[in-house]
file coords.txt (compact mmCIF, C-alpha atoms and all ligand atoms)
# COMPACT_ATOMS: atom_id res chain seq x y z
CA MET A 1446 -18.01 -17.71 -27.11
CA SER A 1447 -16.25 -19.65 -24.38
CA GLU A 1448 -13.03 -18.56 -22.68
CA ASP A 1449 -11.61 -21.78 -24.02
CA PHE A 1450 -12.11 -20.50 -27.58
CA PHE A 1451 -10.10 -17.35 -26.89
CA LYS A 1452 -7.37 -19.31 -25.18
CA LYS A 1453 -7.14 -21.92 -27.94
CA LEU A 1454 -7.19 -19.23 -30.64
CA PRO A 1455 -3.67 -19.02 -32.10
CA LYS A 1456 -2.49 -15.46 -31.52
CA VAL A 1457 0.16 -12.95 -32.52
CA GLU A 1458 1.45 -10.47 -29.91
CA LEU A 1459 3.19 -7.42 -31.32
CA HIS A 1460 3.18 -4.96 -28.42
CA ALA A 1461 4.52 -6.35 -25.14
CA HIS A 1462 7.08 -4.52 -22.99
CA ILE A 1463 9.19 -7.08 -21.15
CA ASN A 1464 9.25 -5.28 -17.79
CA GLY A 1465 5.54 -4.56 -17.99
CA SER A 1466 4.68 -8.19 -18.70
CA ILE A 1467 5.95 -9.81 -15.50
CA SER A 1468 3.38 -12.12 -13.89
CA GLU A 1469 2.65 -11.87 -10.18
CA SER A 1470 4.13 -15.32 -9.68
CA THR A 1471 7.46 -14.32 -11.26
CA MET A 1472 7.44 -11.07 -9.31
CA HIS A 1473 6.92 -13.00 -6.06
CA GLN A 1474 9.93 -15.18 -6.79
CA LEU A 1475 12.08 -12.17 -7.61
CA VAL A 1476 11.16 -10.19 -4.55
CA GLU A 1477 11.35 -13.12 -2.13
CA GLY A 1478 14.36 -12.91 0.09
CA LYS A 1479 15.56 -9.62 -1.44
CA GLN A 1480 16.17 -6.33 0.27
CA ILE A 1481 13.30 -4.84 -1.71
CA THR A 1482 10.36 -3.64 0.33
CA TYR A 1483 7.70 -3.89 -2.40
CA ASN A 1484 4.77 -6.19 -2.08
CA PRO A 1485 4.61 -7.86 -5.53
CA ALA A 1486 0.86 -7.33 -5.62
CA SER A 1487 1.43 -3.58 -5.39
CA LEU A 1488 3.46 -3.53 -8.61
CA LYS A 1489 0.36 -3.90 -10.76
CA PHE A 1490 -3.20 -2.65 -11.14
CA LYS A 1491 -5.75 -5.09 -9.80
CA LYS A 1492 -8.89 -5.79 -11.82
CA GLY A 1493 -11.10 -2.69 -11.87
CA GLU A 1494 -8.41 -0.29 -10.66
CA THR A 1495 -7.28 2.67 -12.74
CA GLY A 1496 -4.39 5.11 -12.42
CA THR A 1497 -2.93 8.15 -14.09
CA LEU A 1498 -0.04 7.85 -16.53
CA LYS A 1499 2.12 9.32 -13.79
CA GLU A 1500 1.20 6.44 -11.50
CA VAL A 1501 1.81 3.91 -14.25
CA PHE A 1502 5.31 5.25 -14.86
CA LYS A 1503 6.04 5.26 -11.13
CA LEU A 1504 5.30 1.54 -11.15
CA PHE A 1505 7.82 0.99 -13.96
CA LYS A 1506 10.45 2.73 -11.89
CA GLN A 1507 9.80 0.32 -9.02
CA ILE A 1508 9.73 -2.72 -11.30
CA HIS A 1509 13.08 -1.65 -12.76
CA GLU A 1510 14.55 -1.77 -9.25
CA VAL A 1511 13.51 -5.43 -9.05
CA THR A 1512 14.95 -6.27 -12.48
CA ASN A 1513 18.19 -4.37 -12.07
CA ASN A 1514 20.46 -7.35 -12.74
CA GLU A 1515 20.97 -9.96 -15.46
CA LYS A 1516 19.71 -12.90 -13.40
CA ALA A 1517 16.34 -11.24 -12.76
CA LEU A 1518 16.09 -10.04 -16.35
CA TYR A 1519 16.79 -13.55 -17.65
CA LYS A 1520 14.09 -15.05 -15.46
CA VAL A 1521 11.58 -12.37 -16.42
CA THR A 1522 12.18 -12.83 -20.16
CA TYR A 1523 12.14 -16.64 -19.89
CA ASP A 1524 8.93 -16.68 -17.85
CA VAL A 1525 7.15 -14.11 -20.03
CA ILE A 1526 7.85 -16.18 -23.16
CA HIS A 1527 6.55 -19.35 -21.47
CA GLU A 1528 3.40 -17.56 -20.29
CA PHE A 1529 2.58 -16.23 -23.75
CA ALA A 1530 3.29 -19.65 -25.30
CA GLU A 1531 0.96 -21.22 -22.74
CA GLU A 1532 -1.95 -19.11 -23.98
CA ASN A 1533 -1.26 -20.10 -27.61
CA VAL A 1534 0.62 -17.05 -28.75
CA LYS A 1535 2.50 -18.49 -31.74
CA TYR A 1536 4.52 -15.42 -32.64
CA ILE A 1537 5.61 -12.56 -30.38
CA GLU A 1538 7.69 -9.44 -30.75
CA LEU A 1539 8.85 -8.49 -27.27
CA ARG A 1540 10.20 -5.00 -26.76
CA THR A 1541 12.47 -3.62 -24.10
CA THR A 1542 14.59 -0.58 -23.29
CA PRO A 1543 18.29 -1.53 -22.88
CA ARG A 1544 19.29 -0.32 -19.43
CA GLU A 1545 22.53 0.00 -17.52
CA GLU A 1546 22.63 -0.29 -13.74
CA LEU A 1547 25.73 1.04 -12.07
CA SER A 1548 24.82 -0.63 -8.75
CA THR A 1549 24.90 -4.15 -10.23
CA GLY A 1550 27.26 -3.69 -13.15
CA MET A 1551 24.59 -4.47 -15.73
CA THR A 1552 25.43 -2.76 -19.03
CA LYS A 1553 23.28 -2.21 -22.11
CA THR A 1554 25.29 -4.89 -23.87
CA SER A 1555 24.85 -7.43 -21.09
CA TYR A 1556 21.17 -6.45 -20.88
CA ILE A 1557 20.55 -7.25 -24.55
CA GLU A 1558 22.66 -10.40 -24.44
CA THR A 1559 20.70 -11.64 -21.41
CA VAL A 1560 17.36 -11.13 -23.15
CA LEU A 1561 18.68 -12.85 -26.29
CA LYS A 1562 19.98 -15.77 -24.24
CA ALA A 1563 16.56 -16.29 -22.64
CA ILE A 1564 15.00 -16.20 -26.12
CA ARG A 1565 17.56 -18.73 -27.40
CA ASP A 1566 17.04 -21.03 -24.43
CA CYS A 1567 13.28 -21.01 -24.98
CA ALA A 1568 13.84 -21.85 -28.65
CA LYS A 1569 15.95 -24.85 -27.61
CA GLU A 1570 12.98 -26.16 -25.62
CA ASN A 1571 10.96 -26.26 -28.83
CA LEU A 1572 8.13 -24.17 -27.45
CA ASP A 1573 5.55 -23.54 -30.16
CA ILE A 1574 6.29 -19.81 -30.35
CA ILE A 1575 8.55 -17.66 -32.50
CA VAL A 1576 10.12 -14.82 -30.51
CA LYS A 1577 11.57 -11.61 -31.95
CA LEU A 1578 12.95 -8.55 -30.19
CA ILE A 1579 12.47 -4.81 -30.64
CA LEU A 1580 14.80 -2.40 -28.82
CA ALA A 1581 13.07 0.60 -27.29
CA ILE A 1582 14.02 4.25 -27.12
CA ASP A 1583 12.54 6.04 -24.08
CA ARG A 1584 11.17 9.52 -24.78
CA ARG A 1585 13.20 10.82 -21.81
CA GLN A 1586 16.46 9.89 -23.51
CA THR A 1587 18.69 12.08 -25.66
CA LEU A 1588 19.21 11.74 -29.39
CA GLN A 1589 22.69 10.37 -28.70
CA VAL A 1590 21.30 7.59 -26.52
CA ALA A 1591 18.70 6.83 -29.18
CA MET A 1592 21.45 6.64 -31.83
CA ASP A 1593 23.37 4.22 -29.60
CA THR A 1594 20.26 2.03 -29.31
CA VAL A 1595 19.95 1.94 -33.08
CA GLN A 1596 23.62 0.91 -33.37
CA LEU A 1597 23.04 -1.83 -30.81
CA ALA A 1598 19.99 -3.03 -32.74
CA VAL A 1599 22.04 -3.20 -35.95
CA LYS A 1600 24.85 -5.10 -34.21
CA TYR A 1601 22.58 -7.57 -32.41
CA ARG A 1602 20.37 -8.18 -35.42
CA GLU A 1603 23.50 -9.64 -37.06
CA GLU A 1604 24.65 -11.54 -34.00
CA SER A 1605 21.21 -12.95 -33.24
CA LYS A 1606 20.65 -13.91 -36.88
CA GLY A 1607 17.54 -11.83 -37.20
CA VAL A 1608 15.95 -12.09 -33.75
CA VAL A 1609 16.26 -8.31 -33.34
CA VAL A 1610 13.87 -6.81 -35.85
CA GLY A 1611 13.25 -3.20 -35.02
CA ILE A 1612 13.09 -0.08 -32.90
CA ASP A 1613 10.31 1.19 -30.63
CA LEU A 1614 9.65 4.62 -29.21
CA SER A 1615 7.92 4.53 -25.83
CA GLY A 1616 7.97 6.10 -22.38
CA ASP A 1617 5.74 8.68 -20.74
CA PRO A 1618 3.90 10.39 -23.63
CA ASN A 1619 3.63 13.61 -21.62
CA VAL A 1620 7.42 13.94 -21.52
CA GLY A 1621 9.62 15.40 -24.25
CA ASN A 1622 9.09 15.75 -27.96
CA ALA A 1623 9.56 12.78 -30.23
CA ASP A 1624 10.69 14.97 -33.14
CA VAL A 1625 14.20 15.04 -31.72
CA PHE A 1626 14.59 11.32 -32.47
CA ILE A 1627 13.89 11.63 -36.19
CA PRO A 1628 17.61 11.26 -37.15
CA ALA A 1629 17.76 8.03 -35.11
CA PHE A 1630 14.63 6.65 -36.78
CA LYS A 1631 16.06 7.52 -40.19
CA GLU A 1632 19.30 5.78 -39.29
CA ALA A 1633 17.32 2.69 -38.25
CA GLN A 1634 15.42 2.72 -41.55
CA LYS A 1635 18.70 3.10 -43.46
CA HIS A 1636 19.81 -0.17 -41.88
CA GLY A 1637 16.56 -1.95 -42.68
CA LEU A 1638 15.24 -2.01 -39.13
CA LYS A 1639 11.46 -1.71 -38.72
CA LEU A 1640 9.86 1.03 -36.63
CA ALA A 1641 7.02 0.53 -34.15
CA LEU A 1642 6.38 3.89 -32.54
CA HIS A 1643 4.04 4.80 -29.69
CA LEU A 1644 2.14 7.64 -31.31
CA ALA A 1645 -0.70 9.89 -30.14
CA GLU A 1646 -1.14 8.09 -26.82
CA VAL A 1647 -2.24 11.54 -25.66
CA PRO A 1648 -3.33 14.40 -27.95
CA ALA A 1649 -0.23 15.63 -29.81
CA PRO A 1650 -1.34 16.34 -33.39
CA GLU A 1651 1.75 18.32 -34.43
CA GLU A 1652 4.24 15.77 -33.15
CA THR A 1653 2.16 12.98 -34.67
CA MET A 1654 1.94 14.55 -38.13
CA THR A 1655 5.63 15.44 -38.19
CA LEU A 1656 6.66 11.89 -37.30
CA LEU A 1657 4.25 10.35 -39.76
CA GLN A 1658 5.46 12.50 -42.64
CA GLU A 1659 9.16 12.28 -41.84
CA ILE A 1660 9.31 8.59 -40.99
CA ILE A 1661 6.21 6.66 -42.09
CA PRO A 1662 6.51 4.14 -39.24
CA ASP A 1663 5.85 0.47 -39.95
CA ARG A 1664 3.39 0.24 -37.07
CA ILE A 1665 1.78 2.63 -34.58
CA GLY A 1666 1.49 1.79 -30.88
CA HIS A 1667 -1.90 2.80 -29.44
CA GLY A 1668 -2.76 5.70 -31.78
CA THR A 1669 -5.34 6.68 -29.18
CA CYS A 1670 -5.65 10.30 -30.26
CA LEU A 1671 -5.34 10.14 -34.05
CA GLN A 1672 -9.00 10.87 -34.79
CA PRO A 1673 -10.40 14.43 -34.62
CA ASP A 1674 -12.82 13.59 -31.78
CA ALA A 1675 -9.88 12.42 -29.66
CA GLY A 1676 -7.57 15.38 -30.30
CA GLY A 1677 -6.17 14.33 -33.68
CA THR A 1678 -7.02 15.60 -37.16
CA ARG A 1679 -8.64 14.37 -40.33
CA ASP A 1680 -5.30 14.70 -42.13
CA ILE A 1681 -3.69 12.37 -39.61
CA VAL A 1682 -6.44 9.79 -40.05
CA GLN A 1683 -6.17 10.10 -43.81
CA PHE A 1684 -2.39 9.66 -43.70
CA VAL A 1685 -2.53 6.57 -41.49
CA GLU A 1686 -5.36 5.10 -43.53
CA SER A 1687 -3.84 5.74 -46.94
CA HIS A 1688 -0.47 4.34 -45.87
CA LYS A 1689 -2.22 1.38 -44.21
CA ILE A 1690 -0.02 1.71 -41.12
CA PRO A 1691 -1.11 -1.09 -38.75
CA LEU A 1692 -2.24 -0.12 -35.26
CA GLU A 1693 -1.25 -2.04 -32.14
CA LEU A 1694 -4.33 -1.70 -29.95
CA CYS A 1695 -4.14 -2.45 -26.24
CA LEU A 1696 -7.63 -2.03 -24.82
CA SER A 1697 -7.19 -2.67 -21.10
CA SER A 1698 -3.98 -0.65 -20.96
CA ASN A 1699 -5.80 2.42 -22.32
CA ILE A 1700 -8.76 1.99 -19.99
CA ILE A 1701 -6.63 1.46 -16.89
CA ASN A 1702 -4.31 4.40 -17.55
CA MET A 1703 -7.41 6.45 -18.39
CA THR A 1704 -6.33 7.61 -21.84
CA VAL A 1705 -9.65 6.11 -23.05
CA PRO A 1706 -12.76 6.57 -20.86
CA GLY A 1707 -14.24 3.08 -21.31
CA TYR A 1708 -14.09 -0.07 -23.46
CA ASP A 1709 -17.14 1.09 -25.47
CA ASN A 1710 -15.28 4.28 -26.41
CA HIS A 1711 -12.14 2.53 -27.53
CA HIS A 1712 -10.79 3.63 -30.92
CA PHE A 1713 -10.67 -0.03 -31.97
CA LYS A 1714 -14.18 0.49 -33.34
CA PHE A 1715 -13.28 3.54 -35.41
CA TRP A 1716 -10.40 1.78 -37.14
CA TYR A 1717 -11.96 -1.65 -37.36
CA ASP A 1718 -14.99 -0.15 -39.10
CA LEU A 1719 -12.63 1.45 -41.62
CA ASN A 1720 -11.26 -2.03 -42.30
CA HIS A 1721 -7.85 -0.74 -41.21
CA PRO A 1722 -5.21 -3.25 -40.02
CA CYS A 1723 -5.71 -3.57 -36.26
CA VAL A 1724 -3.68 -5.89 -34.03
CA ILE A 1725 -4.96 -6.67 -30.53
CA CYS A 1726 -2.08 -6.57 -28.02
CA THR A 1727 -1.52 -6.50 -24.25
CA ASP A 1728 1.09 -3.71 -23.76
CA ASP A 1729 1.91 -4.70 -20.17
CA LYS A 1730 0.10 -7.87 -19.13
CA GLY A 1731 1.74 -7.83 -15.68
CA VAL A 1732 1.09 -4.20 -14.79
CA PHE A 1733 -2.45 -4.24 -16.20
CA SER A 1734 -3.38 -7.74 -14.93
CA THR A 1735 -4.41 -9.06 -18.31
CA SER A 1736 -3.49 -11.61 -21.00
CA LEU A 1737 -3.82 -11.65 -24.77
CA THR A 1738 -6.63 -14.19 -24.34
CA GLU A 1739 -8.53 -11.68 -22.19
CA GLU A 1740 -7.90 -8.82 -24.60
CA TYR A 1741 -9.43 -10.78 -27.49
CA SER A 1742 -12.34 -11.77 -25.29
CA VAL A 1743 -13.06 -8.21 -24.14
CA ALA A 1744 -12.78 -6.86 -27.72
CA ALA A 1745 -15.24 -9.52 -28.94
CA ASP A 1746 -17.68 -8.81 -26.09
CA THR A 1747 -17.51 -5.04 -26.38
CA PHE A 1748 -17.78 -4.83 -30.15
CA GLN A 1749 -19.92 -7.92 -30.66
CA LEU A 1750 -17.52 -9.71 -32.95
CA SER A 1751 -18.48 -13.10 -34.30
CA ARG A 1752 -16.26 -16.15 -33.97
CA GLU A 1753 -15.23 -15.73 -37.61
CA GLN A 1754 -14.40 -12.04 -37.09
CA VAL A 1755 -12.24 -12.90 -34.07
CA TRP A 1756 -10.49 -15.55 -36.10
CA GLU A 1757 -9.86 -13.08 -38.94
CA LEU A 1758 -8.57 -10.47 -36.50
CA SER A 1759 -5.98 -12.91 -35.24
CA TYR A 1760 -5.17 -14.33 -38.71
CA ASN A 1761 -4.77 -10.88 -40.27
CA SER A 1762 -2.33 -9.85 -37.53
CA ILE A 1763 0.20 -12.03 -39.31
CA ASN A 1764 0.32 -9.42 -42.11
CA SER A 1765 1.77 -6.85 -39.67
CA ILE A 1766 4.68 -8.81 -38.20
CA PHE A 1767 8.28 -7.67 -38.67
CA SER A 1768 9.43 -10.95 -40.22
CA ASP A 1769 9.90 -12.26 -43.72
CA ASP A 1770 7.36 -13.82 -46.06
CA ASN A 1771 8.49 -17.36 -45.18
CA THR A 1772 7.64 -16.79 -41.53
CA LYS A 1773 4.30 -15.25 -42.48
CA GLN A 1774 3.49 -18.27 -44.64
CA LEU A 1775 4.52 -20.67 -41.92
CA LEU A 1776 2.17 -18.93 -39.49
CA ARG A 1777 -0.69 -18.81 -42.00
CA ASP A 1778 -0.32 -22.55 -42.55
CA LYS A 1779 -0.34 -23.11 -38.80
CA TRP A 1780 -3.54 -21.07 -38.41
CA LYS A 1781 -5.20 -23.08 -41.18
CA THR A 1782 -4.23 -26.37 -39.56
CA LEU A 1783 -5.62 -25.27 -36.21
CA LYS A 1784 -8.83 -23.67 -37.47
CA ASP A 1785 -11.30 -26.58 -37.26
CA ASN A 1786 -10.14 -27.61 -33.84
CA VAL A 1787 -10.39 -24.07 -32.44
CA GLN A 1788 -13.68 -23.17 -34.09
CA ASN A 1789 -15.38 -26.12 -32.40
CA HIS A 1790 -14.80 -24.62 -28.96
P1 LIG B 1 11.00 -2.25 -20.48
O1 LIG B 1 11.33 -1.43 -21.68
O2 LIG B 1 11.12 -3.73 -20.73
O3 LIG B 1 11.78 -1.83 -19.28
O4 LIG B 1 9.44 -2.04 -20.18
C1 LIG B 1 8.94 -0.96 -19.45
C2 LIG B 1 9.02 0.33 -20.23
O5 LIG B 1 8.14 0.28 -21.37
C3 LIG B 1 8.53 1.56 -19.48
O6 LIG B 1 9.54 2.11 -18.67
C4 LIG B 1 8.11 2.50 -20.60
O7 LIG B 1 9.22 3.18 -21.13
C5 LIG B 1 7.60 1.54 -21.65
N1 LIG B 1 6.12 1.44 -21.58
C6 LIG B 1 5.39 0.45 -21.05
N2 LIG B 1 4.07 0.71 -21.17
C7 LIG B 1 3.98 1.88 -21.82
C8 LIG B 1 2.89 2.67 -22.26
O8 LIG B 1 1.68 2.38 -22.07
N3 LIG B 1 3.20 3.85 -22.89
C9 LIG B 1 4.49 4.23 -23.12
N4 LIG B 1 5.53 3.51 -22.72
C10 LIG B 1 5.29 2.34 -22.07
ZN ZN B 2 3.36 0.28 -24.96
call {"tool": "encode", "arguments": {"input": "coords.txt", "output": "structure tokens", "more": "lines below"}}
Ligand code: IMP
Ligand code: ZN
result
Amino acid sequence: MSEDFFKKLPKVELHAHINGSISESTMHQLVEGKQITYNPASLKFKKGETGTLKEVFKLFKQIHEVTNNEKALYKVTYDVIHEFAEENVKYIELRTTPREELSTGMTKTSYIETVLKAIRDCAKENLDIIVKLILAIDRRQTLQVAMDTVQLAVKYREESKGVVVGIDLSGDPNVGNADVFIPAFKEAQKHGLKLALHLAEVPAPEETMTLLQEIIPDRIGHGTCLQPDAGGTRDIVQFVESHKIPLELCLSSNIINMTVPGYDNHHFKFWYDLNHPCVICTDDKGVFSTSLTEEYSVAADTFQLSREQVWELSYNSINSIFSDDNTKQLLRDKWKTLKDNVQNH
């Protein structure tokens, strides 16, 4: 299959952190002329490089210094949307952790409003992409901060007329215990917000089972260590399978941060063979030097998927989006219209 096929393939992206998705070109423009000493090329892993989770999270700290003001955040969000649209992503749920920066006066409110403005401005340009937003809770935060994020999500879902769709849990999986956030997740569910939680990125069977049973998340990010041979349990697999909780699978991210030893070993195969809903995603296309096009291509190469299987993988992702049935139907119709043209590549 040609690269052109993967690029032309209409795609859905459901797991993309805004500050992890910054292209090198955008980063160059942000750093240029600033007091920041980083070389933009050092704020990402080059092809073939790997790093520990600790190193990955150090990079995020540095990137956050570059995007510590509304102007930079606006540019980043605007550029990221254009870049995904350019590779035929037709629907994306971006996620980001609302951040305040005392040094620049950025507040959580102005942070969210800036991201929403960039999304609105892209919509005005009639790009062929629907953009939604998920607000993230960082595992390092307190329950109170998480509760505040849920309140902000409720408020801005109204104000944005449905652009904000849910809550994410992310951050260094080796830090803290996600159980403490259960009241915040319940509050989010009470308000009809969807939950996409990073779960079992590293072996944590007790935390994973508790969260699954207490919350039943709408989607799982990574789910690297759900299976018994990766530090999970059969009960966990059975729970996820019987509840048909879709998995957001980010192959390169897991290989580069060494939570999976190689593409061949990726848990995509385990779940795909079970016919479980799997959505191919990028996680952090900037930090991990990838694109959704490349992720589909590497999944197809590694697991020898046919053109039809790749198409189905992308088409079935529509089932897992956090939007209403009308949007799902609109996307399904779009996929059907594009099919002949794409399949000929
Ligand atoms: P932001 O939320 O837009 O600032 O995007 C960067 C943030 O996303 C990081 O600080 C982490 O909290 C989160 N993140 C990005 N990649 C990962 C990952 O692989 N695992 C867990 N959290 C992540
Ligand atoms: Zn992630």
call {"tool": "residues_near_ligand", "arguments": {"input": "coords.txt", "ligand": "ligand ZN 2 (chain B)", "cutoff": "8 Å", "atoms": "all atoms listed in the file", "output": "ChimeraX atom specification"}}
result
/A:1460-1462,1615-1616,1643,1666-1667,1728-1729
call {"tool": "write_last_selection", "arguments": {"input": "coords.txt", "atoms": "C-alpha atoms", "output": "mmCIF file, in the frame of the given file"}}
result
data_model
loop_
_atom_site.group_PDB
_atom_site.id
_atom_site.type_symbol
_atom_site.label_atom_id
_atom_site.label_comp_id
_atom_site.auth_asym_id
_atom_site.auth_seq_id
_atom_site.Cartn_x
_atom_site.Cartn_y
_atom_site.Cartn_z
ATOM 1 C CA HIS A 1460 3.180 -4.960 -28.420
ATOM 2 C CA ALA A 1461 4.520 -6.350 -25.140
ATOM 3 C CA HIS A 1462 7.080 -4.520 -22.990
ATOM 4 C CA SER A 1615 7.920 4.530 -25.830
ATOM 5 C CA GLY A 1616 7.970 6.100 -22.380
ATOM 6 C CA HIS A 1643 4.040 4.800 -29.690
ATOM 7 C CA GLY A 1666 1.490 1.790 -30.880
ATOM 8 C CA HIS A 1667 -1.900 2.800 -29.440
ATOM 9 C CA ASP A 1728 1.090 -3.710 -23.760
ATOM 10 C CA ASP A 1729 1.910 -4.700 -20.170
#
call {"tool": "axis_aligned_box", "arguments": {"input": "coords.txt", "around": "region 1660-1677 of chain A", "padding_each_side": "8 Å", "output": "lines of an AutoDock Vina configuration file"}}
result
center_x = -1.8
center_y = 7.8
center_z = -35.6
size_x = 38.1
size_y = 31.1
size_z = 28.9
call {"tool": "closest_residue", "arguments": {"input": "coords.txt", "among": "A:Leu1597, A:Leu1580, A:Glu1753, A:Thr1738", "to": "Asp1449 (chain A)", "atoms": "only C-alpha atoms"}}
result
A:Thr1738
call {"tool": "residues_near_ligand", "arguments": {"input": "coords.txt", "ligand": "ligand LIG 1 (chain B)", "cutoff": "9 Å", "atoms": "all atoms listed in the file", "output": "MDAnalysis selection string"}}
result
chainID A and resid 1461:1466 1498 1501:1506 1508:1509 1512 1539:1544 1580:1585 1614:1618 1643 1646 1666:1667 1695 1698:1699 1702 1728:1729 1732
call {"tool": "atom_distance", "arguments": {"input": "coords.txt", "atom1": "CA of Ala1591 (chain A)", "atom2": "CA of Ala1645 (chain A)"}}
result
19.7 Å
call {"tool": "closest_residue", "arguments": {"input": "coords.txt", "among": "A:Ile1537, A:Val1476, A:Leu1488, A:Ala1744", "to": "Glu1500 (chain A)", "atoms": "all atoms listed in the file"}}
result
A:Leu1488
call {"tool": "residues_around", "arguments": {"input": "coords.txt", "residues": "Ser1487 (chain A)", "least_positions_apart": "3", "cutoff": "10 Å", "atoms": "all atoms listed in the file", "output": "list of chain:residue names"}}
result
A:Glu1469, A:Tyr1483, A:Asn1484, A:Phe1490, A:Lys1491, A:Leu1504, A:Gln1507, A:Val1732
call {"tool": "atom_distance", "arguments": {"input": "coords.txt", "atom1": "CA of Val1599 (chain A)", "atom2": "CA of Ala1629 (chain A)"}}
result
12.0 Å
call {"tool": "closest_residue", "arguments": {"input": "coords.txt", "among": "A:Ala1486, A:Glu1659, A:Lys1499, A:Pro1628", "to": "Val1590 (chain A)", "atoms": "only C-alpha atoms"}}
result
A:Pro1628
call {"tool": "decode", "arguments": {"input": "coords.txt", "residues": "region 1701-1753 of chain A", "atoms": "C-alpha atoms", "output": "PDB file, in the first residue's frame"}}
result
ATOM      1  CA  ILE A1701       9.472   5.441  21.959  1.00  0.00           C
ATOM      2  CA  ASN A1702       8.705   5.751  25.678  1.00  0.00           C
ATOM      3  CA  MET A1703       9.595   2.055  26.000  1.00  0.00           C
ATOM      4  CA  THR A1704       6.367   0.905  27.642  1.00  0.00           C
ATOM      5  CA  VAL A1705       6.168  -1.633  24.764  1.00  0.00           C
ATOM      6  CA  PRO A1706       9.402  -3.327  23.599  1.00  0.00           C
ATOM      7  CA  GLY A1707       8.718  -3.217  19.842  1.00  0.00           C
ATOM      8  CA  TYR A1708       5.992  -2.728  17.225  1.00  0.00           C
ATOM      9  CA  ASP A1709       5.600  -6.514  16.832  1.00  0.00           C
ATOM     10  CA  ASN A1710       4.818  -6.806  20.547  1.00  0.00           C
ATOM     11  CA  HIS A1711       2.223  -4.062  20.563  1.00  0.00           C
ATOM     12  CA  HIS A1712      -1.052  -4.952  22.278  1.00  0.00           C
ATOM     13  CA  PHE A1713      -2.907  -3.776  19.174  1.00  0.00           C
ATOM     14  CA  LYS A1714      -2.704  -7.383  17.970  1.00  0.00           C
ATOM     15  CA  PHE A1715      -4.180  -8.867  21.139  1.00  0.00           C
ATOM     16  CA  TRP A1716      -7.218  -6.604  21.043  1.00  0.00           C
ATOM     17  CA  TYR A1717      -7.641  -6.492  17.293  1.00  0.00           C
ATOM     18  CA  ASP A1718      -7.721 -10.293  17.194  1.00  0.00           C
ATOM     19  CA  LEU A1719     -10.481 -10.209  19.808  1.00  0.00           C
ATOM     20  CA  ASN A1720     -12.429  -7.958  17.450  1.00  0.00           C
ATOM     21  CA  HIS A1721     -12.414  -5.317  20.188  1.00  0.00           C
ATOM     22  CA  PRO A1722     -12.926  -1.635  19.233  1.00  0.00           C
ATOM     23  CA  CYS A1723      -9.441  -0.249  18.595  1.00  0.00           C
ATOM     24  CA  VAL A1724      -8.750   3.323  17.475  1.00  0.00           C
ATOM     25  CA  ILE A1725      -5.318   4.179  16.071  1.00  0.00           C
ATOM     26  CA  CYS A1726      -4.117   7.526  17.471  1.00  0.00           C
ATOM     27  CA  THR A1727      -0.924   9.601  17.689  1.00  0.00           C
ATOM     28  CA  ASP A1728      -0.802  10.708  21.376  1.00  0.00           C
ATOM     29  CA  ASP A1729       1.879  13.359  20.787  1.00  0.00           C
ATOM     30  CA  LYS A1730       2.734  13.721  17.109  1.00  0.00           C
ATOM     31  CA  GLY A1731       5.229  16.522  17.838  1.00  0.00           C
ATOM     32  CA  VAL A1732       7.133  14.872  20.669  1.00  0.00           C
ATOM     33  CA  PHE A1733       7.175  11.459  18.968  1.00  0.00           C
ATOM     34  CA  SER A1734       7.832  12.760  15.417  1.00  0.00           C
ATOM     35  CA  THR A1735       4.870  11.008  13.865  1.00  0.00           C
ATOM     36  CA  SER A1736       1.513  11.627  12.166  1.00  0.00           C
ATOM     37  CA  LEU A1737      -1.757   9.726  12.087  1.00  0.00           C
ATOM     38  CA  THR A1738      -0.927   8.752   8.490  1.00  0.00           C
ATOM     39  CA  GLU A1739       2.305   7.138   9.701  1.00  0.00           C
ATOM     40  CA  GLU A1740       0.592   5.373  12.587  1.00  0.00           C
ATOM     41  CA  TYR A1741      -1.896   3.713  10.224  1.00  0.00           C
ATOM     42  CA  SER A1742       0.921   2.792   7.881  1.00  0.00           C
ATOM     43  CA  VAL A1743       3.066   1.229  10.613  1.00  0.00           C
ATOM     44  CA  ALA A1744       0.076  -0.692  12.040  1.00  0.00           C
ATOM     45  CA  ALA A1745      -0.730  -2.067   8.564  1.00  0.00           C
ATOM     46  CA  ASP A1746       2.903  -3.037   7.920  1.00  0.00           C
ATOM     47  CA  THR A1747       3.472  -4.619  11.310  1.00  0.00           C
ATOM     48  CA  PHE A1748       0.239  -6.583  11.476  1.00  0.00           C
ATOM     49  CA  GLN A1749      -0.157  -7.204   7.756  1.00  0.00           C
ATOM     50  CA  LEU A1750      -3.528  -5.553   7.422  1.00  0.00           C
ATOM     51  CA  SER A1751      -5.187  -5.482   4.032  1.00  0.00           C
ATOM     52  CA  ARG A1752      -6.441  -2.292   2.419  1.00  0.00           C
ATOM     53  CA  GLU A1753      -9.991  -3.259   3.397  1.00  0.00           C
TER      54      GLU A1753
END
